[in-house]
Amino acid sequence: MEAPDRVLSTLERDGSRRWIYPRLAKGSLWQRRRIFAYFLIAVFTGIPYMRMNGKPLFLIDLPHRRLFLLGSTFLPTDTVYLALFMVGLILGIFFLTAVVGRAWCGWACPQTVYLEFLYRPIERLFTGVAGVGGRPKRLAAWRVIAKHATFLFVSMYLAHTFLSYFVGVDQLRHWVTTSPALHPVAFLVMLFTTGAMMFNFGWFREQTCIIACPYGRFQSVLLDRDSLIISYDTKRGEPRGKMRSPLPVLEDSSLESRDCVDCMMCVNVCPTGIDIRNGLQAECIACAQCIDACDAVMTKIKRPIGLIRYSSQNAMAGQTPRLLRPRVAIYWAGVFATFALLTVMLWNRSPADVTLLRSLGRPFVMTDSGLVENELRLKLTNRTDESMSLRVSALTPNLQVLTADPTITLAPHESQEAPVRVQASPASFKLGTFDTKLRVTLDGGRTIDRACRLLGPFGDSEGAGNAR
Ligand code: SF4
Ligand code: SF4
């Protein structure tokens with residue numbers, strides 16, 4: 001059963017896929033996007049080879065559970081920094097979307113960059129273009145095979161690049177130059193990533209933007225009437241019509257002219273298959289192809305360019321655009337506060353991570369000399385690139401700290417758990433507890449204090465604990 005109207009731009013009325021082979025509008029915006037896209041591709045493929053302070057510029061070292069970023073090393077105990085960074089990033093996306101709409105989608109998203117500037121040019125080279133809902137004409141078998149073979153080659157290269165972000169280029173080089181049988185898991189990951197890229201860029205394509213990407217869904221709540229969007233000037237363009245058709249009688253004098261000649265070029269170049277003349281739509285990824293296409297048409301028919309242009313809903317309605325709005329100010333304040341906090345925390349980041357925990361088992365024991373003994377566990381992580389020695393001591397004179405070794409040595413980025421016995425006189429305990437602090441002294445004299453609550457007898461020691 002056919003639907004009375006088209007529901008999605010990429011669905012036929014009978015529910016089958018409406019294939020999109022967009023034409024290309026080589027306008028000034030496309031030229032700029034192309035330069036930017038190739039710059040981004042160079043950055044993306046080049047980052048795994050770049051180093052800073054002798055470390056990878058960016059590497060999510062999964063086998064060793066480390067993250068290298070801009071010359072610093074982050075360990076699993078540093079998740080608070082990552083969480084803050086993610087919060088700042090999300091608020092930054094909110095801020096950017098409120099100001100410049102979906103500029104990220106059209107100019108910088110890897111989905112758009114790779115699809116429009118790598119895979120589609122390959123496709124156009126081998127099989128041509130047909131516009132929305134059409135089929136390319138040059139569909140000889142060898143062309144289709146050559147196209148998919150090139151897709152496969154590019155996808156494999158990108159999959160290897162993707163993998164190098166998680167294992168590093170040296171490890172990857174070793175894997176590539178040895179038999180897959182020696183590293184089957186890595187080989188399967190590479191095969192899966194290649195397959196996912198072939199599926200996404202060869203078949204799924206605009207569906208990722210339209211139905212899979214959460215950011216695309218979010219945009220309607222992030223935009224307001226002053227956000228920069230790609231808009232069709234209805235006042236200038238409507239009523240649309242072919243150039244040769246007689247001019248309609250305009251009852252509304254505000255409709256000055258009908259610049260839209262209904263050539264459908266803006267639709268034929270659209271990678272998501274929509275008609276921007278129907279207003280702002282969730283499918284629009286702000287790629288600006290319709291602007292380039294329409295400007296070319298306007299130039300040809302000697303009308304001013306800009307019938308479709310970057311603008312805002314308020315500007316299109318004749319109101320003065322406002323850059324500073326409450327939501328923009330709130331998002332900006334959030335971004336600033338988050339990154340300021342992150343900077344301060346990173347600046348004061350301790351070279352070691354110290355956590356004090358109680359050991360499982362008996363809460364305390366009474367020693368032969370009449371002291372109350374608690375057993376604790378000290379979790380220590382060396383965050384630096386050099387070996388580190390640490391000493392544990394008491395902060396108060398009525399406390400004794402006993403460790404197996406007076407000095408604990410940690411290799412770079414090593415984590416260790418050390419048992420610590422702490423002894424205090426029963427008089428130190430009030431209502432069965434004694435709140436005190438232990439001090440960890442690092443090489444160079446830097447100290448880290450950790451509070452701990454010791455358990456002991458209520459009042460006097462008799463019968464309160466377990467004699468050793
Ligand atoms: S490209 Fe311009 S003139 Fe042609 S249909 Fe689109 S808006 Fe109208
Ligand atoms: S409507 Fe225009 S800007 Fe939006 S996706 Fe289509 S071509 Fe790109």
# chains A, B, ... in the order shown; residues from 1 in each chain; ligands from 1
>>> residues_near_ligand(ligand="ligand 1", cutoff="8 Å", atoms="only C-alpha atoms and all ligand atoms", output="ChimeraX atom specification")
/A:232,237,240,259-267,275-277,290-291,293-295,297-298,307-308
>>> residues_near_ligand(ligand="ligand 2", cutoff="8 Å", atoms="only C-alpha atoms and all ligand atoms", output="PyMOL selection string")
chain A and resi 106+230+266-267+269-276+281+283-291
>>> write_last_selection(atoms="N, CA, C and O atoms", output="compact mmCIF listing (two decimals), in the first residue's frame")
# COMPACT_ATOMS: atom_id res chain seq x y z
N GLY A 106 28.04 20.12 8.29
CA GLY A 106 28.33 20.43 6.90
C GLY A 106 29.81 20.59 6.59
O GLY A 106 30.24 20.37 5.47
N ILE A 230 20.70 27.46 6.96
CA ILE A 230 20.63 27.68 5.51
C ILE A 230 19.17 27.87 5.15
O ILE A 230 18.34 27.02 5.45
N CYS A 266 18.61 23.00 -6.56
CA CYS A 266 18.89 22.94 -5.12
C CYS A 266 18.52 21.57 -4.54
O CYS A 266 19.11 21.11 -3.57
N VAL A 267 17.54 20.92 -5.14
CA VAL A 267 17.14 19.59 -4.67
C VAL A 267 18.09 18.52 -5.22
O VAL A 267 18.49 17.61 -4.52
N VAL A 269 21.17 18.71 -5.90
CA VAL A 269 22.51 18.66 -5.30
C VAL A 269 22.47 18.26 -3.83
O VAL A 269 23.52 18.02 -3.23
N CYS A 270 21.27 18.18 -3.27
CA CYS A 270 21.17 17.96 -1.83
C CYS A 270 21.52 16.53 -1.46
O CYS A 270 20.88 15.58 -1.92
N PRO A 271 22.52 16.32 -0.60
CA PRO A 271 22.92 14.95 -0.25
C PRO A 271 21.92 14.21 0.63
O PRO A 271 22.02 13.00 0.79
N THR A 272 20.96 14.94 1.22
CA THR A 272 19.93 14.23 1.99
C THR A 272 18.59 14.27 1.27
O THR A 272 17.57 13.85 1.84
N GLY A 273 18.57 14.78 0.07
CA GLY A 273 17.39 14.68 -0.78
C GLY A 273 16.23 15.58 -0.42
O GLY A 273 15.10 15.33 -0.86
N ILE A 274 16.46 16.62 0.37
CA ILE A 274 15.33 17.47 0.76
C ILE A 274 15.21 18.70 -0.14
O ILE A 274 16.13 19.00 -0.91
N ASP A 275 14.09 19.36 -0.01
CA ASP A 275 13.86 20.61 -0.74
C ASP A 275 13.88 21.74 0.29
O ASP A 275 12.96 21.88 1.10
N ILE A 276 14.96 22.51 0.28
CA ILE A 276 15.14 23.55 1.30
C ILE A 276 14.05 24.63 1.19
O ILE A 276 13.81 25.38 2.14
N GLN A 281 14.59 21.90 7.95
CA GLN A 281 14.20 20.50 8.17
C GLN A 281 15.31 19.76 8.92
O GLN A 281 16.49 20.08 8.75
N GLU A 283 16.56 17.04 8.38
CA GLU A 283 17.50 16.33 7.49
C GLU A 283 18.61 17.22 6.96
O GLU A 283 19.61 16.73 6.44
N CYS A 284 18.45 18.55 7.07
CA CYS A 284 19.44 19.46 6.48
C CYS A 284 20.73 19.42 7.29
O CYS A 284 20.75 19.71 8.48
N ILE A 285 21.83 19.06 6.64
CA ILE A 285 23.12 18.98 7.33
C ILE A 285 23.96 20.24 7.08
O ILE A 285 25.17 20.26 7.36
N ALA A 286 23.35 21.27 6.54
CA ALA A 286 24.01 22.57 6.33
C ALA A 286 25.28 22.44 5.49
O ALA A 286 26.30 23.05 5.80
N CYS A 287 25.20 21.67 4.42
CA CYS A 287 26.39 21.48 3.57
C CYS A 287 26.56 22.62 2.59
O CYS A 287 27.60 22.71 1.93
N ALA A 288 25.54 23.45 2.43
CA ALA A 288 25.61 24.66 1.58
C ALA A 288 25.66 24.35 0.09
O ALA A 288 25.88 25.25 -0.72
N GLN A 289 25.43 23.09 -0.30
CA GLN A 289 25.41 22.78 -1.73
C GLN A 289 24.26 23.48 -2.44
O GLN A 289 24.39 23.92 -3.58
N CYS A 290 23.12 23.61 -1.75
CA CYS A 290 21.98 24.28 -2.38
C CYS A 290 22.28 25.77 -2.60
O CYS A 290 21.79 26.38 -3.56
N ILE A 291 23.09 26.35 -1.73
CA ILE A 291 23.47 27.77 -1.91
C ILE A 291 24.29 27.89 -3.20
O ILE A 291 24.01 28.73 -4.07
>>> residues_around(residues="A:Arg383", least_positions_apart="5", cutoff="7 Å", atoms="only C-alpha atoms", output="PDB file with N, CA, C and O atoms, in the first residue's frame")
ATOM      1  N   PRO A 351      51.461  14.174  41.131  1.00  0.00           N
ATOM      2  CA  PRO A 351      52.168  13.157  40.342  1.00  0.00           C
ATOM      3  C   PRO A 351      51.794  11.729  40.735  1.00  0.00           C
ATOM      4  O   PRO A 351      52.090  10.794  40.011  1.00  0.00           O
ATOM      5  N   ALA A 352      51.153  11.580  41.906  1.00  0.00           N
ATOM      6  CA  ALA A 352      50.755  10.235  42.335  1.00  0.00           C
ATOM      7  C   ALA A 352      49.293  10.250  42.752  1.00  0.00           C
ATOM      8  O   ALA A 352      48.783  11.254  43.238  1.00  0.00           O
ATOM      9  N   PRO A 412      57.271   3.783  36.263  1.00  0.00           N
ATOM     10  CA  PRO A 412      56.412   4.770  35.584  1.00  0.00           C
ATOM     11  C   PRO A 412      55.028   4.194  35.286  1.00  0.00           C
ATOM     12  O   PRO A 412      54.904   3.080  34.782  1.00  0.00           O
ATOM     13  N   HIS A 413      53.998   4.939  35.667  1.00  0.00           N
ATOM     14  CA  HIS A 413      52.582   4.594  35.436  1.00  0.00           C
ATOM     15  C   HIS A 413      52.150   3.313  36.154  1.00  0.00           C
ATOM     16  O   HIS A 413      51.084   2.788  35.870  1.00  0.00           O
TER      17      HIS A 413
END
>>> residues_around(residues="A:Thr433", least_positions_apart="3", cutoff="12 Å", atoms="only C-alpha atoms", output="PyMOL selection string")
chain A and resi 363-364+372+374+424-430+436+452-459+464
>>> closest_residue(among="A:Leu223, A:Met156, A:Val420, A:Ile90", to="A:Val335", atoms="only C-alpha atoms")
A:Ile90
>>> atom_distance(atom1="atom CA of A:Leu172", atom2="atom CA of A:His160")
7.7 Å
>>> select_by_dssp(residues="stretch 85-199 of chain A", states="alpha helix (DSSP H)", output="ChimeraX atom specification")
/A:85-100,103,110-114,120-127,141-167,169-176,184-199
>>> atom_distance(atom1="atom CA of A:Pro110", atom2="atom CA of A:Ala37")
8.8 Å
>>> closest_residue(among="A:Leu69, A:Ala394, A:Leu115, A:Val185", to="A:Ile41", atoms="only C-alpha atoms")
A:Leu115
>>> closest_residue(among="A:Ala186, A:Met52, A:Leu191, A:Ile305", to="A:Phe68", atoms="only C-alpha atoms")
A:Met52
>>> closest_residue(among="A:Leu158, A:Asp368, A:Asp226, A:Val169", to="A:Thr45", atoms="only C-alpha atoms")
A:Leu158
>>> closest_residue(among="A:Arg173, A:Arg17, A:Arg258, A:Arg439", to="A:Leu395", atoms="only C-alpha atoms")
A:Arg439
>>> closest_residue(among="A:Ile301, A:Thr338, A:Arg358, A:Gly27", to="A:Met86", atoms="only C-alpha atoms")
A:Thr338
>>> atom_distance(atom1="atom CA of A:Met345", atom2="atom CA of A:Asp385")
19.2 Å
>>> closest_atom_pairs(of="stretch 148-224 of chain A", to="stretch 315-328 of chain A", cutoff="12 Å", atoms="only C-alpha atoms", output="CSV")
residue,atom,partner,partner_atom,distance
A:Val221,CA,A:Arg327,CA,11.2
A:Leu222,CA,A:Arg327,CA,9.0
A:Leu223,CA,A:Arg327,CA,9.6
A:Asp224,CA,A:Arg327,CA,8.9
>>> write_last_selection(atoms="N, CA, C and O atoms", output="tab-separated table (two decimals), in the first residue's frame")
chain	number	residue	atom	x	y	z
A	221	VAL	N	16.24	21.18	19.31
A	221	VAL	CA	16.12	21.83	20.61
A	221	VAL	C	17.31	22.75	20.89
A	221	VAL	O	17.26	23.57	21.80
A	222	LEU	N	18.38	22.62	20.13
A	222	LEU	CA	19.56	23.47	20.36
A	222	LEU	C	19.49	24.77	19.56
A	222	LEU	O	20.11	25.76	19.92
A	223	LEU	N	18.75	24.75	18.47
A	223	LEU	CA	18.65	25.94	17.63
A	223	LEU	C	17.57	26.88	18.16
A	223	LEU	O	16.60	26.45	18.77
A	224	ASP	N	17.75	28.17	17.92
A	224	ASP	CA	16.64	29.10	18.14
A	224	ASP	C	16.47	29.95	16.88
A	224	ASP	O	17.14	29.72	15.87
>>> residues_around(residues="A:Tyr215", least_positions_apart="3", cutoff="12 Å", atoms="only C-alpha atoms", output="list in words")
Ile90, Ile93, Phe94, Thr97, Gly101, Arg102, Trp104, Cys105, Cys109, Thr208, Cys209, Ile210, Ile211, Ala212, Phe218, Gln219, Ser220, Val221, Leu222, Leu223, Ala282, Glu283 and Ile285 of chain A
>>> write_last_selection(atoms="N, CA and C atoms", output="PDB file, in the first residue's frame")
ATOM      1  N   ILE A  90      30.572  18.744  25.203  1.00  0.00           N
ATOM      2  CA  ILE A  90      29.129  18.721  24.903  1.00  0.00           C
ATOM      3  C   ILE A  90      28.556  20.134  25.006  1.00  0.00           C
ATOM      4  N   ILE A  93      29.519  22.020  21.982  1.00  0.00           N
ATOM      5  CA  ILE A  93      28.687  21.689  20.816  1.00  0.00           C
ATOM      6  C   ILE A  93      27.345  22.427  20.919  1.00  0.00           C
ATOM      7  N   PHE A  94      26.781  22.466  22.134  1.00  0.00           N
ATOM      8  CA  PHE A  94      25.533  23.215  22.340  1.00  0.00           C
ATOM      9  C   PHE A  94      25.739  24.675  21.940  1.00  0.00           C
ATOM     10  N   THR A  97      26.236  25.109  18.141  1.00  0.00           N
ATOM     11  CA  THR A  97      24.987  24.886  17.412  1.00  0.00           C
ATOM     12  C   THR A  97      24.052  26.072  17.573  1.00  0.00           C
ATOM     13  N   GLY A 101      24.441  27.010  14.024  1.00  0.00           N
ATOM     14  CA  GLY A 101      23.604  25.907  13.542  1.00  0.00           C
ATOM     15  C   GLY A 101      24.421  24.636  13.349  1.00  0.00           C
ATOM     16  N   ARG A 102      24.141  23.921  12.245  1.00  0.00           N
ATOM     17  CA  ARG A 102      24.815  22.635  12.042  1.00  0.00           C
ATOM     18  C   ARG A 102      26.081  22.777  11.198  1.00  0.00           C
ATOM     19  N   TRP A 104      29.019  22.185  12.081  1.00  0.00           N
ATOM     20  CA  TRP A 104      29.830  20.977  12.305  1.00  0.00           C
ATOM     21  C   TRP A 104      29.478  19.908  11.276  1.00  0.00           C
ATOM     22  N   CYS A 105      28.133  19.676  11.083  1.00  0.00           N
ATOM     23  CA  CYS A 105      27.699  18.613  10.162  1.00  0.00           C
ATOM     24  C   CYS A 105      28.200  18.885   8.749  1.00  0.00           C
ATOM     25  N   CYS A 109      32.210  17.240  10.155  1.00  0.00           N
ATOM     26  CA  CYS A 109      31.893  15.882  10.629  1.00  0.00           C
ATOM     27  C   CYS A 109      32.583  14.854   9.723  1.00  0.00           C
ATOM     28  N   THR A 208      22.775   7.710   7.908  1.00  0.00           N
ATOM     29  CA  THR A 208      23.476   7.954   9.175  1.00  0.00           C
ATOM     30  C   THR A 208      23.071   9.310   9.728  1.00  0.00           C
ATOM     31  N   CYS A 209      23.053  10.333   8.864  1.00  0.00           N
ATOM     32  CA  CYS A 209      22.686  11.690   9.314  1.00  0.00           C
ATOM     33  C   CYS A 209      21.197  11.770   9.648  1.00  0.00           C
ATOM     34  N   ILE A 210      20.391  11.077   8.845  1.00  0.00           N
ATOM     35  CA  ILE A 210      18.942  11.263   8.971  1.00  0.00           C
ATOM     36  C   ILE A 210      18.358  10.460  10.135  1.00  0.00           C
ATOM     37  N   ILE A 211      18.810   9.210  10.289  1.00  0.00           N
ATOM     38  CA  ILE A 211      18.142   8.393  11.318  1.00  0.00           C
ATOM     39  C   ILE A 211      19.071   7.883  12.421  1.00  0.00           C
ATOM     40  N   ALA A 212      20.381   7.897  12.209  1.00  0.00           N
ATOM     41  CA  ALA A 212      21.260   7.268  13.216  1.00  0.00           C
ATOM     42  C   ALA A 212      21.971   8.265  14.123  1.00  0.00           C
ATOM     43  N   PHE A 218      19.083  16.065  17.977  1.00  0.00           N
ATOM     44  CA  PHE A 218      19.136  17.075  19.031  1.00  0.00           C
ATOM     45  C   PHE A 218      18.961  18.501  18.511  1.00  0.00           C
ATOM     46  N   GLN A 219      19.359  18.697  17.273  1.00  0.00           N
ATOM     47  CA  GLN A 219      19.528  20.075  16.808  1.00  0.00           C
ATOM     48  C   GLN A 219      18.268  20.922  16.948  1.00  0.00           C
ATOM     49  N   SER A 220      17.092  20.299  16.821  1.00  0.00           N
ATOM     50  CA  SER A 220      15.876  21.107  16.869  1.00  0.00           C
ATOM     51  C   SER A 220      15.707  21.787  18.234  1.00  0.00           C
ATOM     52  N   VAL A 221      16.241  21.176  19.307  1.00  0.00           N
ATOM     53  CA  VAL A 221      16.122  21.834  20.609  1.00  0.00           C
ATOM     54  C   VAL A 221      17.310  22.752  20.890  1.00  0.00           C
ATOM     55  N   LEU A 222      18.381  22.620  20.127  1.00  0.00           N
ATOM     56  CA  LEU A 222      19.556  23.470  20.359  1.00  0.00           C
ATOM     57  C   LEU A 222      19.494  24.771  19.561  1.00  0.00           C
ATOM     58  N   LEU A 223      18.750  24.749  18.472  1.00  0.00           N
ATOM     59  CA  LEU A 223      18.655  25.945  17.627  1.00  0.00           C
ATOM     60  C   LEU A 223      17.574  26.881  18.157  1.00  0.00           C
ATOM     61  N   ALA A 282      14.896  18.768   9.697  1.00  0.00           N
ATOM     62  CA  ALA A 282      15.874  18.021  10.505  1.00  0.00           C
ATOM     63  C   ALA A 282      16.908  17.333   9.631  1.00  0.00           C
ATOM     64  N   GLU A 283      16.563  17.037   8.380  1.00  0.00           N
ATOM     65  CA  GLU A 283      17.502  16.327   7.492  1.00  0.00           C
ATOM     66  C   GLU A 283      18.608  17.223   6.961  1.00  0.00           C
ATOM     67  N   ILE A 285      21.833  19.060   6.638  1.00  0.00           N
ATOM     68  CA  ILE A 285      23.125  18.983   7.334  1.00  0.00           C
ATOM     69  C   ILE A 285      23.959  20.244   7.081  1.00  0.00           C
TER      70      ILE A 285
END
>>> residues_around(residues="A:Gly370", least_positions_apart="3", cutoff="10 Å", atoms="only C-alpha atoms", output="MDAnalysis selection string")
chainID A and resid 365:367 373 423:426 461 467
>>> write_last_selection(atoms="N, CA, C and O atoms", output="compact mmCIF listing (two decimals), in the first residue's frame")
# COMPACT_ATOMS: atom_id res chain seq x y z
N VAL A 365 42.41 -5.17 66.02
CA VAL A 365 42.91 -6.16 66.97
C VAL A 365 43.66 -5.42 68.08
O VAL A 365 44.14 -4.30 67.88
N MET A 366 43.73 -6.06 69.27
CA MET A 366 44.52 -5.51 70.37
C MET A 366 45.88 -6.20 70.36
O MET A 366 45.98 -7.43 70.32
N THR A 367 46.95 -5.42 70.33
CA THR A 367 48.29 -6.02 70.30
C THR A 367 48.70 -6.41 71.72
O THR A 367 48.07 -6.00 72.70
N GLU A 373 45.13 -2.00 66.81
CA GLU A 373 45.73 -2.06 65.47
C GLU A 373 44.65 -2.21 64.40
O GLU A 373 43.77 -3.05 64.52
N GLN A 423 48.76 1.62 64.36
CA GLN A 423 48.54 1.33 65.78
C GLN A 423 48.34 2.64 66.55
O GLN A 423 49.06 3.62 66.30
N ALA A 424 47.39 2.62 67.50
CA ALA A 424 47.15 3.80 68.34
C ALA A 424 46.75 3.32 69.72
O ALA A 424 46.27 2.19 69.91
N SER A 425 46.91 4.20 70.70
CA SER A 425 46.54 3.80 72.06
C SER A 425 45.01 3.84 72.18
O SER A 425 44.35 4.65 71.52
N PRO A 426 44.43 2.98 73.04
CA PRO A 426 42.96 2.96 73.19
C PRO A 426 42.41 4.31 73.61
O PRO A 426 41.27 4.65 73.27
N SER A 461 39.49 -0.72 76.68
CA SER A 461 39.77 -1.78 75.73
C SER A 461 39.17 -3.11 76.09
O SER A 461 39.12 -4.01 75.29
N ALA A 467 41.71 -9.86 70.72
CA ALA A 467 43.14 -9.91 71.10
C ALA A 467 43.90 -10.69 70.06
O ALA A 467 43.38 -11.64 69.46
>>> select_by_dssp(residues="stretch 4-158 of chain A", states="strand (DSSP E)", output="list in words")
Ile20, Tyr21, Arg51, Met52, Lys55, Pro56, Phe58, Leu59, Ile60, Asp61, Arg66, Leu67, Phe68, Leu69, Ser72, Thr73, Phe74, Gly131 and Val132 of chain A
>>> residues_around(residues="A:Thr381", least_positions_apart="4", cutoff="10 Å", atoms="only C-alpha atoms", output="VMD selection string")
chain A and resid 75 to 77 351 to 355 388 410 to 417
